[in-house]
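See below for run.txt, which holds compact mmCIF, C-alpha atoms.
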```txt
# COMPACT_ATOMS: atom_id res chain seq x y z
CA MET A 239 83.80 125.42 65.77
CA GLY A 240 81.21 128.20 65.56
CA LYS A 241 81.16 131.40 67.54
CA LEU A 242 80.80 130.88 71.27
CA ARG A 243 77.53 132.32 72.50
CA PHE A 244 79.04 133.46 75.78
CA SER A 245 81.46 135.74 73.91
CA SER A 246 78.58 138.15 73.30
CA LEU A 247 77.45 138.23 76.93
CA PRO A 248 78.11 141.27 79.12
CA PRO A 249 81.43 141.06 81.01
CA SER A 250 79.70 140.64 84.37
CA GLU A 251 77.78 137.58 83.12
CA ARG A 252 80.90 136.03 81.62
CA LEU A 253 82.71 136.37 84.93
CA VAL A 254 79.78 134.83 86.79
CA LEU A 255 79.93 131.85 84.41
CA ALA A 256 83.72 131.55 84.74
CA LYS A 257 83.51 131.52 88.54
CA ALA A 258 80.70 128.96 88.60
CA ARG A 259 82.48 126.65 86.17
CA ALA A 260 85.76 126.91 88.08
CA ASP A 261 83.85 125.75 91.15
CA LYS A 262 82.28 122.90 89.15
CA LEU A 263 85.73 121.90 87.92
CA VAL A 264 86.74 121.28 91.52
CA GLN A 265 83.60 119.21 92.02
CA HIS A 266 84.45 117.12 88.95
CA LEU A 267 87.96 116.41 90.22
CA VAL A 268 86.89 115.09 93.62
CA PRO A 269 85.13 111.94 92.28
CA LEU A 270 87.93 111.51 89.74
CA PHE A 271 90.34 111.14 92.66
CA LEU A 272 88.30 108.17 93.89
CA MET A 273 88.31 106.60 90.44
CA HIS A 274 92.07 107.14 90.17
CA GLU A 275 92.77 105.61 93.57
CA SER A 276 90.49 102.66 92.82
CA ASN A 277 92.32 102.09 89.55
CA ALA A 278 95.64 102.18 91.36
CA MET A 279 94.49 99.05 93.18
CA VAL A 280 92.28 97.37 90.59
CA ILE A 281 94.59 97.88 87.61
CA TYR A 282 98.11 98.70 88.72
CA SER A 283 98.53 96.56 91.81
CA THR A 284 98.41 92.78 92.02
CA LYS A 285 96.05 92.81 95.00
CA LEU A 286 93.14 91.56 92.92
CA SER A 287 94.72 90.26 89.74
CA GLU A 288 96.92 87.72 91.50
CA GLN A 289 93.79 86.12 92.98
CA ILE A 290 92.55 85.17 89.53
CA PRO A 291 94.22 82.17 87.92
CA ARG A 292 94.27 81.32 84.25
CA SER A 293 90.59 80.76 83.68
CA TYR A 294 87.51 81.84 81.77
CA ALA A 295 86.96 84.37 84.57
CA ALA A 296 90.14 86.19 83.55
CA HIS A 297 88.37 87.51 80.43
CA ALA A 298 85.70 89.16 82.55
CA PHE A 299 88.31 90.59 84.93
CA ASN A 300 90.32 92.04 82.06
CA GLN A 301 87.16 93.69 80.74
CA PHE A 302 86.41 95.06 84.22
CA GLN A 303 89.89 96.57 84.41
CA ARG A 304 89.58 98.16 80.96
CA SER A 305 86.19 99.63 81.80
CA MET A 306 87.54 101.21 84.99
CA HIS A 307 90.56 102.55 83.15
CA LEU A 308 88.64 103.94 80.18
CA PHE A 309 86.09 105.72 82.36
CA GLU A 310 88.88 107.55 84.18
CA LEU A 311 90.41 108.57 80.85
CA VAL A 312 87.07 109.82 79.53
CA ARG A 313 86.47 112.00 82.59
CA LEU A 314 90.04 113.32 82.63
CA CYS A 315 90.06 114.18 78.92
CA ALA A 316 86.71 115.97 79.26
CA MET A 317 88.40 118.51 81.52
CA TRP A 318 90.66 119.47 78.60
CA ASP A 319 88.09 119.59 75.82
CA GLY A 320 88.06 122.77 73.76
CA PRO A 321 85.84 125.75 74.61
CA ARG A 322 82.11 125.29 74.13
CA ASP A 323 79.10 126.95 75.68
CA ASP A 324 77.89 123.81 77.45
CA ARG A 325 81.28 122.64 78.75
CA GLU A 326 82.97 123.04 82.12
CA SER A 327 86.45 122.27 80.80
CA ILE A 328 89.60 124.21 81.58
CA PRO A 329 89.84 125.74 78.06
CA THR A 330 86.20 126.84 78.34
CA ILE A 331 86.78 128.54 81.70
CA ILE A 332 89.86 130.31 80.35
CA ALA A 333 87.98 131.47 77.23
CA LEU A 334 85.33 133.00 79.51
CA PHE A 335 87.68 135.37 81.34
CA ASN A 336 90.94 135.60 79.39
CA GLU A 337 90.65 139.13 78.07
CA PRO A 338 92.59 142.09 79.55
CA LYS A 339 89.46 144.05 80.51
CA LEU A 340 87.88 141.06 82.24
CA ILE A 341 91.06 140.24 84.15
CA ASP A 342 91.36 143.88 85.20
CA GLN A 343 87.78 143.70 86.44
CA LEU A 344 88.48 140.59 88.51
CA VAL A 345 91.57 142.21 90.02
CA ALA A 346 89.72 145.47 90.74
CA ASP A 347 86.81 143.63 92.39
CA ALA A 348 89.20 141.74 94.64
CA HIS A 349 91.09 144.91 95.56
CA ASP A 350 87.91 146.85 96.34
CA PHE A 351 86.51 144.04 98.47
CA HIS A 352 89.52 144.00 100.78
CA ALA A 353 90.33 147.73 100.69
CA ASN A 354 86.79 148.66 101.76
CA GLU A 355 86.37 145.98 104.39
CA MET A 356 84.75 147.41 107.50
CA PRO A 357 86.58 147.07 110.83
CA PRO A 358 85.11 144.68 113.40
CA ASP A 359 82.79 146.12 116.06
CA THR A 360 85.49 145.67 118.69
CA VAL A 361 87.74 148.20 116.96
CA ASP A 362 87.32 151.89 117.75
CA ALA A 363 86.81 153.26 114.25
CA GLU A 364 87.66 156.86 115.17
CA THR A 365 91.07 156.15 116.69
CA THR A 366 92.07 153.37 114.35
CA SER A 367 90.61 154.45 111.00
CA LYS A 368 93.98 155.56 109.61
CA TRP A 369 95.91 152.39 110.39
CA TRP A 370 92.91 150.18 109.53
CA LYS A 371 92.61 151.71 106.06
CA GLY A 372 96.36 151.44 105.56
CA ASP A 373 96.33 147.81 106.66
CA ARG A 374 93.38 146.96 104.40
CA LYS A 375 95.02 148.67 101.42
CA ALA A 376 98.20 146.66 101.97
CA VAL A 377 96.17 143.47 102.11
CA ALA A 378 94.16 144.48 99.04
CA ASP A 379 97.35 145.16 97.07
CA VAL A 380 98.69 141.71 97.89
CA VAL A 381 95.39 140.00 97.04
CA ALA A 382 95.08 141.86 93.74
CA ALA A 383 98.61 140.94 92.72
CA THR A 384 97.97 137.32 93.70
CA ILE A 385 94.75 137.14 91.67
CA ARG A 386 96.50 138.47 88.57
CA GLU A 387 99.40 136.07 89.09
CA LYS A 388 97.13 133.05 89.58
CA LEU A 389 95.09 133.77 86.44
CA SER A 390 98.20 134.40 84.35
CA PHE A 391 99.74 131.17 85.63
CA ALA A 392 96.56 129.19 84.90
CA VAL A 393 96.48 130.42 81.31
CA SER A 394 100.16 129.75 80.59
CA LYS A 395 100.20 126.40 82.39
CA ALA A 396 97.08 125.24 80.54
CA GLU A 397 98.69 126.13 77.21
CA GLU A 398 101.77 124.18 78.23
CA ILE A 399 99.76 121.09 79.21
CA LEU A 400 97.63 121.20 76.05
CA ASP A 401 100.88 121.01 74.05
CA THR A 402 102.32 118.01 75.92
CA PRO A 403 102.61 114.67 74.12
CA GLN A 404 101.04 113.01 77.17
CA LEU A 405 97.74 114.88 76.91
CA LYS A 406 97.72 114.66 73.12
CA ALA A 407 98.16 110.89 73.38
CA LEU A 408 95.30 110.58 75.88
CA MET A 409 93.00 112.74 73.78
CA ASP A 410 93.86 110.82 70.61
CA PHE A 411 93.20 107.54 72.40
CA ARG A 412 89.86 108.84 73.65
CA HIS A 413 88.84 110.06 70.20
CA SER A 414 89.94 106.91 68.38
CA TYR A 415 89.14 104.08 70.75
CA ILE A 416 86.54 105.31 73.21
CA ALA A 417 84.41 108.15 71.87
CA HIS A 418 83.90 106.54 68.48
CA ASN A 419 84.03 102.94 69.71
CA LEU A 420 86.42 101.79 67.04
CA ASP A 421 88.98 99.03 67.10
CA ILE A 422 89.70 97.70 70.58
CA PRO A 423 90.66 94.07 70.04
CA GLU A 424 88.73 91.62 72.18
CA PRO A 425 89.58 87.97 72.92
CA SER A 426 87.19 85.34 71.69
CA GLY A 427 86.39 84.17 75.22
CA ASP A 428 86.02 80.55 74.17
CA ALA A 429 89.32 79.56 75.78
CA GLU A 430 90.88 80.23 79.15
CA GLY A 431 92.78 83.50 79.51
CA SER A 432 95.25 85.19 81.84
CA VAL A 433 94.95 88.55 83.60
CA GLU A 434 96.66 91.23 81.52
CA LYS A 435 99.55 93.13 83.12
CA LEU A 436 98.93 96.85 82.75
CA LYS A 437 101.49 99.54 83.48
CA TYR A 438 101.10 103.05 84.83
CA GLY A 439 99.78 105.36 82.17
CA THR A 440 100.15 109.06 81.59
CA GLU A 441 96.81 109.75 83.28
CA THR A 442 98.63 110.21 86.60
CA VAL A 443 100.83 112.96 85.15
CA ILE A 444 97.88 114.72 83.50
CA LEU A 445 95.71 114.44 86.63
CA ASP A 446 98.42 116.08 88.74
CA ALA A 447 98.81 118.87 86.17
CA THR A 448 95.03 119.34 86.00
CA VAL A 449 94.91 119.88 89.75
CA VAL A 450 97.60 122.57 89.51
CA VAL A 451 95.61 124.51 86.89
CA ALA A 452 92.26 123.96 88.63
CA ASP A 453 93.72 125.29 91.87
CA ALA A 454 95.00 128.45 90.16
CA LEU A 455 91.66 129.02 88.43
CA HIS A 456 89.65 128.46 91.60
CA HIS A 457 91.91 130.77 93.58
CA GLY A 458 92.06 133.45 90.88
CA LEU A 459 88.36 133.49 90.04
CA ASN A 460 86.70 132.61 93.35
CA ARG A 461 89.38 133.93 95.71
CA THR A 462 89.38 130.73 97.71
CA GLY A 463 91.40 127.56 97.99
CA PHE A 464 90.64 123.87 98.21
CA ASP A 465 92.28 121.16 100.31
CA TRP A 466 93.45 118.96 97.45
CA LYS A 467 95.76 116.87 99.63
CA ARG A 468 93.02 115.96 102.09
CA SER A 469 90.60 115.17 99.27
CA ARG A 470 93.06 112.79 97.64
CA GLU A 471 93.89 111.15 100.95
CA MET A 472 90.19 110.62 101.61
CA ALA A 473 89.76 109.08 98.16
CA ARG A 474 92.67 106.73 98.87
CA ARG A 475 91.19 105.65 102.20
CA ASN A 476 87.79 105.05 100.61
CA ALA A 477 89.31 102.96 97.83
CA GLN A 478 91.35 100.92 100.29
CA ALA A 479 88.30 100.37 102.48
CA LEU A 480 86.69 98.50 99.59
CA TRP A 481 89.40 96.89 97.51
CA ASP A 482 91.59 95.75 100.42
CA TYR A 483 88.77 93.45 101.47
CA CYS A 484 87.65 92.11 98.11
CA THR A 485 88.49 88.46 97.53
CA PHE A 486 87.82 86.11 94.64
CA GLU A 487 87.49 82.36 94.74
CA ILE A 488 87.97 81.26 91.16
CA PRO A 489 88.11 77.50 90.65
CA VAL A 490 91.15 76.27 88.75
CA ARG A 491 90.31 73.73 86.13
CA PRO A 492 92.50 70.66 86.31
CA PRO A 493 94.81 70.22 83.33
CA ARG A 494 93.39 68.08 80.54
CA HIS A 495 94.63 64.51 80.60
CA ILE A 496 96.03 63.51 77.25
CA PRO A 497 96.34 59.76 77.00
CA PRO A 498 99.63 58.43 75.70
CA ALA A 499 99.77 57.54 72.06
CA ALA A 500 99.14 53.87 71.33
CA SER A 501 102.25 51.88 70.57
CA ALA A 502 102.66 50.59 67.05
```
As structure tokens, please, write out the structure in this file.
Amino acid sequence: MGKLRFSSLPPSERLVLAKARADKLVQHLVPLFLMHESNAMVIYSTKLSEQIPRSYAAHAFNQFQRSMHLFELVRLCAMWDGPRDDRESIPTIIALFNEPKLIDQLVADAHDFHANEMPPDTVDAETTSKWWKGDRKAVADVVAATIREKLSFAVSKAEEILDTPQLKALMDFRHSYIAHNLDIPEPSGDAEGSVEKLKYGTETVILDATVVVADALHHGLNRTGFDWKRSREMARRNAQALWDYCTFEIPVRPPRHIPPAASA
């Protein structure tokens, strides 16, 4: 990989990029929740698959399941792709800010923002200036320490996840069987088939870990949180609102009648 263009940008511009991409990372995760919850019903439950008997239609349903599954894997793996100027992946965001001087700048900016916060109009500045400044400094100290802690955690946790066999397996699968469209065996389709039984994959583990890192990055860089629990619950409700009411009426072909062999 060649030199990253953003490495030569002024520190202020790198931090602006890091903050914007951390925000975009959150925006990428929200639709992924909906895909994940849909797959929980389409792939991993029997709600739909048990409606489809052994039939020619089973081939199309199996392909539908694989397409849903592979798209989730593609989007999830993209969040862990290595640093590049045009990416919004976790390693890219970390490469943008993970230098001591840049982290110190983020911490100092957060501290100054809270330490120099003006009192509300309802507060008598003359009589309360001493305790107000003391209160703001205490808050600023806590915020600054939290920002440093969140960024340090995000970096170390990301390194840990990148080294897990689960993520390596997903990335290898993406590279070998999706990105380069190599050898995914397909049935001939000229005979009846059965719905394939798929098991939970490691994407659930990696998605949960991705949320943990994304939350730390968003908090550390943008000094704000996100309601991950509510977002996932909403995705689950939306998925249920569709897939709970989907029904298939697949005709079952009668078994072939094989006449008895003629007697000698």
Point to revise | Nearest-residue call for Gln301 in chain A, choices A:Cys315, A:Val450, A:Leu334, A:Val280, using all atoms listed in the file | key: A:Val280
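Distances from A:Ser305, A:Asn460, A:Gln478, A:Gln343 to Ser250 in chain A were compared using only C-alpha atoms, and the smallest one belongs to A:Gln343.
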Exercise for review: For range 255-260 of chain A, work out the shell of residues within 12 Å, counting all atoms listed in the file and skipping chain neighbours fewer than 2 positions away, then give it as number ranges by chain.
Suggested key: A: 244-245, 247-253, 262-267, 317, 321, 323-336, 340-341, 344, 389, 392, 449, 451-464
Write the selection just made, keeping C-alpha atoms, as a JSON list (two decimals), keeping the file's coordinate frame?
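Saved the output as result-v4.json:
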```
[["chain", "number", "residue", "atom", "x", "y", "z"],
["A", 244, "PHE", "CA", 79.04, 133.46, 75.78],
["A", 245, "SER", "CA", 81.46, 135.74, 73.91],
["A", 247, "LEU", "CA", 77.45, 138.23, 76.93],
["A", 248, "PRO", "CA", 78.11, 141.27, 79.12],
["A", 249, "PRO", "CA", 81.43, 141.06, 81.01],
["A", 250, "SER", "CA", 79.70, 140.64, 84.37],
["A", 251, "GLU", "CA", 77.78, 137.58, 83.12],
["A", 252, "ARG", "CA", 80.90, 136.03, 81.62],
["A", 253, "LEU", "CA", 82.71, 136.37, 84.93],
["A", 262, "LYS", "CA", 82.28, 122.90, 89.15],
["A", 263, "LEU", "CA", 85.73, 121.90, 87.92],
["A", 264, "VAL", "CA", 86.74, 121.28, 91.52],
["A", 265, "GLN", "CA", 83.60, 119.21, 92.02],
["A", 266, "HIS", "CA", 84.45, 117.12, 88.95],
["A", 267, "LEU", "CA", 87.96, 116.41, 90.22],
["A", 317, "MET", "CA", 88.40, 118.51, 81.52],
["A", 321, "PRO", "CA", 85.84, 125.75, 74.61],
["A", 323, "ASP", "CA", 79.10, 126.95, 75.68],
["A", 324, "ASP", "CA", 77.89, 123.81, 77.45],
["A", 325, "ARG", "CA", 81.28, 122.64, 78.75],
["A", 326, "GLU", "CA", 82.97, 123.04, 82.12],
["A", 327, "SER", "CA", 86.45, 122.27, 80.80],
["A", 328, "ILE", "CA", 89.60, 124.21, 81.58],
["A", 329, "PRO", "CA", 89.84, 125.74, 78.06],
["A", 330, "THR", "CA", 86.20, 126.84, 78.34],
["A", 331, "ILE", "CA", 86.78, 128.54, 81.70],
["A", 332, "ILE", "CA", 89.86, 130.31, 80.35],
["A", 333, "ALA", "CA", 87.98, 131.47, 77.23],
["A", 334, "LEU", "CA", 85.33, 133.00, 79.51],
["A", 335, "PHE", "CA", 87.68, 135.37, 81.34],
["A", 336, "ASN", "CA", 90.94, 135.60, 79.39],
["A", 340, "LEU", "CA", 87.88, 141.06, 82.24],
["A", 341, "ILE", "CA", 91.06, 140.24, 84.15],
["A", 344, "LEU", "CA", 88.48, 140.59, 88.51],
["A", 389, "LEU", "CA", 95.09, 133.77, 86.44],
["A", 392, "ALA", "CA", 96.56, 129.19, 84.90],
["A", 449, "VAL", "CA", 94.91, 119.88, 89.75],
["A", 451, "VAL", "CA", 95.61, 124.51, 86.89],
["A", 452, "ALA", "CA", 92.26, 123.96, 88.63],
["A", 453, "ASP", "CA", 93.72, 125.29, 91.87],
["A", 454, "ALA", "CA", 95.00, 128.45, 90.16],
["A", 455, "LEU", "CA", 91.66, 129.02, 88.43],
["A", 456, "HIS", "CA", 89.65, 128.46, 91.60],
["A", 457, "HIS", "CA", 91.91, 130.77, 93.58],
["A", 458, "GLY", "CA", 92.06, 133.45, 90.88],
["A", 459, "LEU", "CA", 88.36, 133.49, 90.04],
["A", 460, "ASN", "CA", 86.70, 132.61, 93.35],
["A", 461, "ARG", "CA", 89.38, 133.93, 95.71],
["A", 462, "THR", "CA", 89.38, 130.73, 97.71],
["A", 463, "GLY", "CA", 91.40, 127.56, 97.99],
["A", 464, "PHE", "CA", 90.64, 123.87, 98.21]]
```
Check your understanding: In Å, with one decimal, what is the gap from CA of Arg491 in chain A to CA of Gln289 in chain A?
Key ->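 These atoms are spaced 14.6 Å apart.
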Practice item. Pick out the closest residue to Ser276 in chain A from this set: A:Val345, A:Ile488, A:Ala376, A:Met306. Count only C-alpha atoms. Key: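 Checking each of A:Val345, A:Ile488, A:Ala376, A:Met306 against Ser276 in chain A, counting only C-alpha atoms, the winner is A:Met306.
Nearest residue to Met409 in chain A among A:Asp482, A:Asp261, A:Glu355, A:Glu441 is A:Glu441, counting only C-alpha atoms.
Closest to Thr448 in chain A among A:Leu270, A:Ala353, A:Ala296, A:Val490 is A:Leu270, based on all atoms listed in the file.
For the pair CA of Ser367 in chain A and CA of Ala383 in chain A, the separation is 24.1 Å.
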Exercise for review: Write out as a list in words the residues lying within 12 Å of Gly372 in chain A, counting all atoms listed in the file and excluding same-chain residues fewer than 5 positions away.
Suggested key: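 Answer for this query is His352, Ala353, Asn354, Glu355, Pro357, Thr366, Ser367, Val377, Ala378 and Asp379 of chain A.
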Check your understanding: Between A:Thr384, A:Glu397, A:Ala447, A:Asn277, which has the minimum distance to Gln303 in chain A (counting all atoms listed in the file)?
Key ->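 Among the listed residues, A:Asn277 lies closest to Gln303 in chain A.
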Exercise for review: Rounded to one decimal place, report the CA of Glu387 in chain A-CA of Ala348 in chain A distance in Å.
Suggested key: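 About the pair CA of Glu387 in chain A and CA of Ala348 in chain A: they are 12.9 Å apart.
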